[in-house]
Structures are given as structure tokens and as C-alpha cells.
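Structure file target-v1.txt (compact mmCIF, C-alpha atoms and all ligand atoms) follows.
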```txt
# COMPACT_ATOMS: atom_id res chain seq x y z
CA MET A 885 179.43 278.77 173.67
CA ILE A 886 183.02 277.57 173.21
CA PRO A 887 183.79 274.59 175.48
CA ILE A 888 186.17 275.41 178.33
CA GLU A 889 188.70 272.73 177.27
CA VAL A 890 189.00 274.32 173.82
CA ILE A 891 189.78 277.71 175.39
CA PHE A 892 192.32 276.07 177.69
CA LEU A 893 193.99 274.27 174.76
CA GLY A 894 194.00 277.50 172.73
CA ILE A 895 195.85 279.37 175.48
CA LEU A 896 198.24 276.44 175.93
CA GLY A 897 198.85 276.48 172.16
CA LEU A 898 199.64 280.22 172.22
CA ILE A 899 202.15 279.77 175.06
CA ILE A 900 203.84 276.83 173.33
CA GLY A 901 203.83 278.88 170.08
CA SER A 902 205.69 281.62 171.92
CA PHE A 903 208.36 279.06 172.90
CA ILE A 904 208.45 277.71 169.32
CA ASN A 905 209.40 281.23 168.18
CA VAL A 906 212.37 281.12 170.55
CA VAL A 907 213.38 277.69 169.16
CA ILE A 908 213.07 278.96 165.54
CA TYR A 909 215.26 281.96 166.36
CA ARG A 910 217.87 280.35 168.63
CA LEU A 911 218.28 276.65 167.73
CA PRO A 912 219.92 277.20 164.29
CA GLN A 913 222.36 279.65 165.91
CA GLY A 914 223.29 277.10 168.59
CA LYS A 915 222.14 279.46 171.37
CA SER A 916 220.57 278.38 174.67
CA LEU A 917 216.79 278.14 174.48
CA PHE A 918 216.28 279.45 178.02
CA PHE A 919 218.97 282.09 178.69
CA PRO A 920 219.26 284.99 178.29
CA PHE A 921 215.62 286.06 178.56
CA SER A 922 213.86 287.51 175.51
CA HIS A 923 215.35 290.74 174.25
CA CYS A 924 215.06 292.92 171.18
CA PRO A 925 217.58 291.73 168.55
CA LYS A 926 218.29 295.37 167.59
CA CYS A 927 218.52 297.44 170.81
CA GLN A 928 219.24 294.39 173.06
CA LYS A 929 216.85 295.71 175.75
CA LEU A 930 215.27 293.00 177.89
CA LEU A 931 211.54 292.60 177.23
CA LYS A 932 209.05 293.06 180.09
CA TRP A 933 206.57 290.25 180.78
CA TYR A 934 203.75 292.27 179.20
CA HIS A 935 205.75 292.60 175.96
CA ASN A 936 205.73 288.81 175.77
CA ILE A 937 202.02 287.97 175.80
CA PRO A 938 201.26 285.92 172.67
CA ILE A 939 199.53 287.90 169.87
CA LEU A 940 198.16 290.60 172.27
CA SER A 941 201.56 292.24 172.81
CA TYR A 942 202.14 292.31 169.06
CA LEU A 943 198.80 294.12 168.59
CA PHE A 944 199.36 296.56 171.49
CA LEU A 945 202.89 297.38 170.31
CA LYS A 946 201.59 297.66 166.72
CA GLY A 947 204.32 295.26 165.59
CA LYS A 948 207.20 297.42 166.87
CA CYS A 949 209.79 297.13 169.68
CA ALA A 950 208.59 299.15 172.73
CA TYR A 951 212.05 300.76 173.14
CA CYS A 952 213.60 301.38 169.74
CA GLY A 953 210.60 300.99 167.38
CA GLU A 954 212.31 298.20 165.38
CA LYS A 955 209.74 296.22 163.38
CA ILE A 956 208.79 292.86 164.92
CA SER A 957 208.41 290.09 162.35
CA ILE A 958 204.84 288.94 161.60
CA GLN A 959 206.29 285.45 162.11
CA TYR A 960 205.86 285.82 165.91
CA PRO A 961 202.06 286.21 166.09
CA LEU A 962 201.66 283.89 163.07
CA VAL A 963 203.49 280.97 164.71
CA GLU A 964 201.58 281.54 167.98
CA ALA A 965 198.22 281.52 166.18
CA LEU A 966 199.14 278.43 164.09
CA SER A 967 200.29 276.58 167.19
CA ALA A 968 196.96 277.27 168.96
CA LEU A 969 194.97 276.33 165.84
CA LEU A 970 196.86 273.06 165.41
CA ILE A 971 196.34 272.00 169.03
CA ILE A 972 192.62 272.80 168.92
CA SER A 973 192.13 271.07 165.53
CA LEU A 974 193.97 268.00 166.79
CA TYR A 975 191.72 267.83 169.83
CA LEU A 976 188.52 268.26 167.79
CA ARG A 977 189.67 265.73 165.17
CA PHE A 978 190.56 262.96 167.65
CA LYS A 979 187.98 263.84 170.31
CA PRO A 980 185.71 260.79 169.67
CA HIS A 981 188.46 258.48 170.96
CA PHE A 982 190.36 260.95 173.10
CA ASP A 983 193.35 259.53 174.89
CA LEU A 984 195.80 261.79 176.73
CA ILE A 985 198.96 259.85 175.82
CA THR A 986 198.02 259.76 172.12
CA PHE A 987 197.12 263.46 172.24
CA ILE A 988 200.48 264.44 173.77
CA PHE A 989 202.43 262.39 171.18
CA LEU A 990 200.38 263.83 168.29
CA ALA A 991 200.70 267.40 169.63
CA TYR A 992 204.47 266.84 169.83
CA PHE A 993 204.39 265.64 166.18
CA VAL A 994 202.36 268.56 164.73
CA LEU A 995 204.18 271.27 166.73
CA THR A 996 207.59 269.87 165.74
CA LEU A 997 206.49 269.99 162.09
CA LEU A 998 205.47 273.65 162.60
CA THR A 999 208.91 274.43 164.08
CA ILE A 1000 210.77 272.55 161.32
CA SER A 1001 208.77 274.37 158.61
CA PHE A 1002 209.75 277.81 159.83
CA ILE A 1003 213.39 276.89 160.49
CA ASP A 1004 213.68 275.38 157.00
CA LEU A 1005 212.04 278.48 155.46
CA LYS A 1006 214.43 280.83 157.27
CA HIS A 1007 217.65 278.85 157.34
CA LYS A 1008 217.17 276.13 154.67
CA GLU A 1009 218.09 273.38 157.11
CA ILE A 1010 216.31 270.89 159.35
CA PRO A 1011 218.09 270.35 162.69
CA ASP A 1012 218.61 266.68 163.67
CA LEU A 1013 217.57 267.68 167.18
CA LEU A 1014 214.03 268.15 165.84
CA SER A 1015 213.74 265.41 163.19
CA LEU A 1016 215.43 262.42 164.88
CA PRO A 1017 213.32 262.40 168.10
CA LEU A 1018 210.20 262.23 165.89
CA ILE A 1019 211.28 258.76 164.74
CA PHE A 1020 211.70 257.48 168.31
CA ALA A 1021 208.47 259.12 169.49
CA GLY A 1022 206.57 257.48 166.61
CA TRP A 1023 208.06 254.07 167.45
CA PHE A 1024 207.22 254.50 171.13
CA LEU A 1025 203.61 255.50 170.38
CA SER A 1026 203.03 252.36 168.30
CA LEU A 1027 204.84 250.24 170.92
CA LEU A 1028 202.22 251.47 173.41
CA GLY A 1029 199.55 250.33 170.92
CA LYS A 1030 198.17 253.88 170.72
CA ASN A 1031 198.97 254.91 167.14
CA PRO A 1032 195.84 256.69 165.83
CA LEU A 1033 196.26 255.08 162.38
CA HIS A 1034 196.59 251.66 164.10
CA LEU A 1035 200.21 251.09 163.06
CA SER A 1036 201.81 248.15 164.80
CA PHE A 1037 205.32 248.58 166.21
CA VAL A 1038 206.83 246.50 163.41
CA ASP A 1039 204.99 248.59 160.78
CA SER A 1040 206.21 251.78 162.43
CA LEU A 1041 209.79 250.46 162.64
CA ILE A 1042 209.91 249.31 159.01
CA SER A 1043 208.12 252.42 157.70
CA ALA A 1044 210.63 254.79 159.33
CA LEU A 1045 213.55 252.93 157.77
CA ALA A 1046 211.69 252.69 154.44
CA GLY A 1047 211.02 256.46 154.51
CA MET A 1048 214.68 257.29 154.93
CA GLY A 1049 215.63 254.64 152.38
CA LEU A 1050 213.12 255.91 149.83
CA LEU A 1051 214.41 259.48 149.90
CA PHE A 1052 217.99 258.19 149.84
CA PHE A 1053 217.11 256.14 146.75
CA ILE A 1054 215.48 259.10 144.97
CA ASP A 1055 218.45 261.26 145.86
CA THR A 1056 221.02 258.71 144.60
CA LEU A 1057 219.09 258.17 141.37
CA TYR A 1058 218.86 261.91 140.84
CA TYR A 1059 222.57 262.32 141.63
CA HIS A 1060 223.51 259.82 138.91
CA ILE A 1061 221.30 261.48 136.30
CA ALA A 1062 221.88 265.16 137.13
CA LYS A 1063 225.27 264.82 138.89
CA ARG A 1064 223.99 266.91 141.78
CA GLU A 1065 222.37 266.35 145.15
CA SER A 1066 218.68 267.15 145.15
CA ILE A 1067 217.40 266.73 148.69
CA GLY A 1068 218.81 268.04 151.93
CA MET A 1069 220.05 265.48 154.47
CA GLY A 1070 217.49 266.78 156.97
CA ASP A 1071 214.64 265.70 154.71
CA PHE A 1072 215.69 262.00 155.03
CA LYS A 1073 215.23 261.97 158.80
CA LEU A 1074 212.01 263.94 158.54
CA MET A 1075 210.64 261.28 156.18
CA GLY A 1076 211.72 258.68 158.74
CA GLY A 1077 209.59 260.50 161.33
CA PHE A 1078 206.60 260.47 158.98
CA GLY A 1079 207.07 256.72 158.50
CA ALA A 1080 207.21 256.08 162.26
CA TYR A 1081 204.01 258.06 162.89
CA LEU A 1082 201.98 257.65 159.69
CA GLY A 1083 203.28 254.44 158.08
CA TYR A 1084 204.69 253.77 154.62
CA GLN A 1085 201.11 253.98 153.26
CA SER A 1086 201.39 257.76 153.61
CA PHE A 1087 204.53 258.17 151.47
CA PHE A 1088 202.92 258.42 148.08
CA ASN A 1089 200.38 261.01 149.28
CA ILE A 1090 202.98 263.08 151.10
CA LEU A 1091 205.58 263.10 148.30
CA PHE A 1092 203.03 263.72 145.58
CA LEU A 1093 201.27 266.57 147.40
CA ALA A 1094 204.53 268.14 148.57
CA SER A 1095 205.94 268.14 145.02
CA LEU A 1096 202.73 269.66 143.69
CA LEU A 1097 202.74 272.40 146.34
CA GLY A 1098 206.46 272.96 145.74
CA VAL A 1099 206.07 273.45 141.98
CA LEU A 1100 203.01 275.69 142.47
CA SER A 1101 204.89 277.88 144.95
CA PHE A 1102 207.86 278.08 142.61
CA LEU A 1103 205.57 279.32 139.81
CA LEU A 1104 203.92 281.86 142.13
CA PHE A 1105 207.37 282.99 143.26
CA LYS A 1106 208.40 283.56 139.62
CA VAL A 1107 205.20 285.52 138.95
CA TYR A 1108 205.88 287.59 142.07
CA LEU A 1109 209.43 288.36 140.89
CA LYS A 1110 208.13 289.31 137.46
CA LEU A 1111 205.52 291.68 138.94
CA ARG A 1112 208.27 293.34 140.98
CA GLY A 1113 210.43 293.62 137.87
CA ASP A 1114 213.11 291.41 139.42
CA LYS A 1115 215.44 290.10 136.70
CA ARG A 1116 215.63 286.65 138.35
CA ALA A 1117 212.17 286.06 136.80
CA GLU A 1118 213.77 285.99 133.34
CA GLU A 1119 216.32 283.31 134.16
CA LYS A 1120 215.67 280.20 132.15
CA PRO A 1121 213.76 277.68 134.24
CA ASN A 1122 215.95 275.05 135.79
CA TRP A 1123 213.31 273.21 137.76
CA GLN A 1124 215.16 271.19 140.33
CA GLU A 1125 217.91 273.70 140.90
CA GLY A 1126 215.49 276.60 141.08
CA LEU A 1127 213.21 274.77 143.46
CA ARG A 1128 215.91 273.74 145.87
CA ALA A 1129 217.79 277.02 145.71
CA GLU A 1130 214.85 279.31 146.33
CA ILE A 1131 212.19 277.26 148.04
CA PRO A 1132 213.00 274.66 150.71
CA PHE A 1133 211.13 271.36 150.47
CA GLY A 1134 210.68 270.77 154.23
CA PRO A 1135 207.61 273.00 154.78
CA PHE A 1136 205.74 271.28 151.92
CA LEU A 1137 206.59 267.85 153.29
CA CYS A 1138 205.37 268.97 156.73
CA LEU A 1139 202.14 270.48 155.40
CA SER A 1140 201.40 267.33 153.36
CA ALA A 1141 202.07 265.10 156.39
CA LEU A 1142 199.67 267.22 158.49
CA ILE A 1143 196.96 266.93 155.84
CA TYR A 1144 197.50 263.16 155.80
CA LEU A 1145 197.31 262.91 159.61
CA PHE A 1146 194.00 264.77 159.70
CA ASN A 1147 192.55 262.93 156.70
CA PRO A 1148 194.44 259.88 155.35
CA GLN A 1149 191.88 259.60 152.53
CA SER A 1150 192.62 263.14 151.32
CA LEU A 1151 194.21 262.07 148.02
CA LEU A 1152 193.61 258.39 147.40
ZN ZN B 1201 214.38 297.32 170.30
```
Since I need it in another form, could you write the structure as C-alpha cells?
Amino acid sequence: MIPIEVIFLGILGLIIGSFINVVIYRLPQGKSLFFPFSHCPKCQKLLKWYHNIPILSYLFLKGKCAYCGEKISIQYPLVEALSALLIISLYLRFKPHFDLITFIFLAYFVLTLLTISFIDLKHKEIPDLLSLPLIFAGWFLSLLGKNPLHLSFVDSLISALAGMGLLFFIDTLYYHIAKRESIGMGDFKLMGGFGAYLGYQSFFNILFLASLLGVLSFLLFKVYLKLRGDKRAEEKPNWQEGLRAEIPFGPFLCLSALIYLFNPQSLL
């Protein structure tokens, strides 16, 4: 028997995931998040309420627009399912010392990371509107004395600044050696958010794991191109340039931060 609160949180996660899809689609274009109501990007027809039910509508419509048959991206049900999974996992992980305020702040953290990952994948940018509030939310949580990793406010404050400083340092160093920028500006603020929530103790884990995942994905991407007979697979490997140009770093940073939040001992 699944506990009733888990079912409730799952449904809540699906609904929030539905909204996250709107944010992923509209925020980078500077459009309003609330108006106009959801419509098909191809035929512009307004969707009925029953076309908007998380996951179920996608299955009923077999992944196509009800009016014009345009394919609906798998991203929609995927983000909804991930959002529900994250909320439920968070609840189960922190259930022994459940506290509503902490839960809301952590849910805000993990769902913002989900949103940032998909925006960075699609648009190769991380909006300040998503990354900067993470820093303040992390500070506020520790100010309330409710940080799940027991960060004090001073730790949280210093770690956020250290996170931004660290990436800025790496970037400057890299710029002087390779004469090019390596990291997007959005990644600095994201690292600041990690510092505010998870503390500077998390930085090594996050950066190491994210780099590892980034390189692995880059290799898989090259193999994929080769299998498809794409001539980009033959280009001589230029690691940093190739990585940044084809695979954004944000989603790997976010995934690594999530792993750290759920299990700070995961690497060390
Ligand atoms: Zn349509």
C-alpha cells in the first residue's frame, strides 16, 4: 500500500512539472508565464483542459497535437515524471526529520535545478531569474537554522561567495592559458546557489562528478555521431571547445548537486 501522502506529493509533483514545462518553453523567450493559455506551437489552437493533464494526456493523444497531429516533445511527460519523482524522493529521504519549511526550501532547490537543466540543454543559457534566487533562498534557510546539512548562516554566506569566486578563478586561469572563455556566466551564479545550500564542502564532489559526466557524455555523443555517419565525429578532438560547444555544463552541475544533496558521502 502506497502511503496517501506519497500519492498526494506525486500528483503535486506532476502539476508543478507541468508548470516547469511552461517555464522551460517561455522564460528564455521572455514571454509571460501565465498568458496566453497553453496552445499548440504549430497550429496555435488553444488546448482544452483535458489535453493538459500531466502524462495521461500525452499517452491518450499518443504524443501528437489533438488538432493538427504535430508531434509533442517527449520532454513534456519526462519533466512531469522527473518532477514527481524528485518531490517523492526528497520526502522519503528527509522523512525521519520532516520539517515543512525545510521541505519547501529543498523542493524549490531541486525543482529549480530540474528547470535550469532543461533550459541549459535547449538554449545553452541559465537565466539569472532562476539561479540568483537560489543563493538568497539558501541563505534564508540557514538563517532559520533549518539547513539539512547543518550549515550555519555564515558558512552558507561564505560558501556562496566562494562558489562564485572559485568558478571565476578557474575561468580566468583558463582564459589566460587558452585565450578563451570556458564557462558560461550563468554557471557562476548556479555554483553560488550550491554553496548557499550545500556548503563549500560540496564543491570538490560536484565539480569532479560534473566533469566526469561531461566528458563521458561527450564521448558517447561522438560515438553516436560516428554510428550515424555524421562527419563531425571525425573532427579532431578539441576537448574544452567541443564540450562547451556541443554539451552544456549546467545539467551535469545540477545532477551532481542533486546526488550530493541526497548523499553527501557519495564520492568522498
Ligand atoms: Zn497543433
Nearby residues, ligand ZN 1201 (chain B), 7 Å, all atoms listed in the file, as number ranges by chain: A: 924-929, 949-954
Where is the centre and how long are the edges: axis-aligned box on range 1073-1076 of chain A, 3 Å on each side, Å to one decimal, as JSON:
```
{"center_x": 212.9, "center_y": 261.3, "center_z": 157.5, "size_x": 10.6, "size_y": 11.3, "size_z": 8.6}
```
Near Asp1039 in chain A, counting all atoms listed in the file, which residues have an atom at most 9 Å away, once you skip same-chain residues fewer than 6 positions from it, shown as a PDB file with C-alpha atoms, keeping the file's coordinate frame?
```pdb
ATOM      1  CA  SER A1026     203.030 252.360 168.300  1.00  0.00           C
ATOM      2  CA  GLY A1079     207.070 256.720 158.500  1.00  0.00           C
ATOM      3  CA  ALA A1080     207.210 256.080 162.260  1.00  0.00           C
ATOM      4  CA  GLY A1083     203.280 254.440 158.080  1.00  0.00           C
ATOM      5  CA  TYR A1084     204.690 253.770 154.620  1.00  0.00           C
TER       6      TYR A1084
END
```
So that I can see what lies close to Leu969 in chain A, please list as a PDB file with C-alpha atoms, in the frame of the given file the residues with an atom at most 12 Å from it, counting all atoms listed in the file and leaving out residues fewer than 5 positions away in the same chain.
```pdb
ATOM      1  CA  VAL A 890     189.000 274.320 173.820  1.00  0.00           C
ATOM      2  CA  ILE A 891     189.780 277.710 175.390  1.00  0.00           C
ATOM      3  CA  LEU A 893     193.990 274.270 174.760  1.00  0.00           C
ATOM      4  CA  GLY A 894     194.000 277.500 172.730  1.00  0.00           C
ATOM      5  CA  ILE A 895     195.850 279.370 175.480  1.00  0.00           C
ATOM      6  CA  LEU A 896     198.240 276.440 175.930  1.00  0.00           C
ATOM      7  CA  GLY A 897     198.850 276.480 172.160  1.00  0.00           C
ATOM      8  CA  LEU A 898     199.640 280.220 172.220  1.00  0.00           C
ATOM      9  CA  ILE A 900     203.840 276.830 173.330  1.00  0.00           C
ATOM     10  CA  GLY A 901     203.830 278.880 170.080  1.00  0.00           C
ATOM     11  CA  LEU A 962     201.660 283.890 163.070  1.00  0.00           C
ATOM     12  CA  VAL A 963     203.490 280.970 164.710  1.00  0.00           C
ATOM     13  CA  GLU A 964     201.580 281.540 167.980  1.00  0.00           C
ATOM     14  CA  LEU A 974     193.970 268.000 166.790  1.00  0.00           C
ATOM     15  CA  TYR A 975     191.720 267.830 169.830  1.00  0.00           C
ATOM     16  CA  LEU A 976     188.520 268.260 167.790  1.00  0.00           C
ATOM     17  CA  ARG A 977     189.670 265.730 165.170  1.00  0.00           C
ATOM     18  CA  ALA A 991     200.700 267.400 169.630  1.00  0.00           C
ATOM     19  CA  VAL A 994     202.360 268.560 164.730  1.00  0.00           C
ATOM     20  CA  LEU A 995     204.180 271.270 166.730  1.00  0.00           C
ATOM     21  CA  LEU A 998     205.470 273.650 162.600  1.00  0.00           C
TER      22      LEU A 998
END
```
Pick from A:Cys1138, A:Gln959, A:Asn1147, A:Gly1098, whichever lies nearest to Lys1006 in chain A using only C-alpha atoms: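 The answer is A:Gln959, which sits nearest to Lys1006 in chain A.
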Interatomic distance (Å, one decimal) between CA of Leu1013 in chain A and CA of Ile988 in chain A: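 Separation between CA of Leu1013 in chain A and CA of Ile988 in chain A: 18.6 Å.
Residues in contact with Trp1023 in chain A at up to 10 Å, not including ones fewer than 6 positions away on its chain and judged by all atoms listed in the file, are Pro1017, Gly1029, Asn1031, Leu1035, Ser1036, Phe1037, Val1038, Asp1039, Ser1040, Leu1041, Ile1042, Ser1043, Ala1044, Gly1077, Gly1079, Ala1080 and Tyr1081 of chain A.
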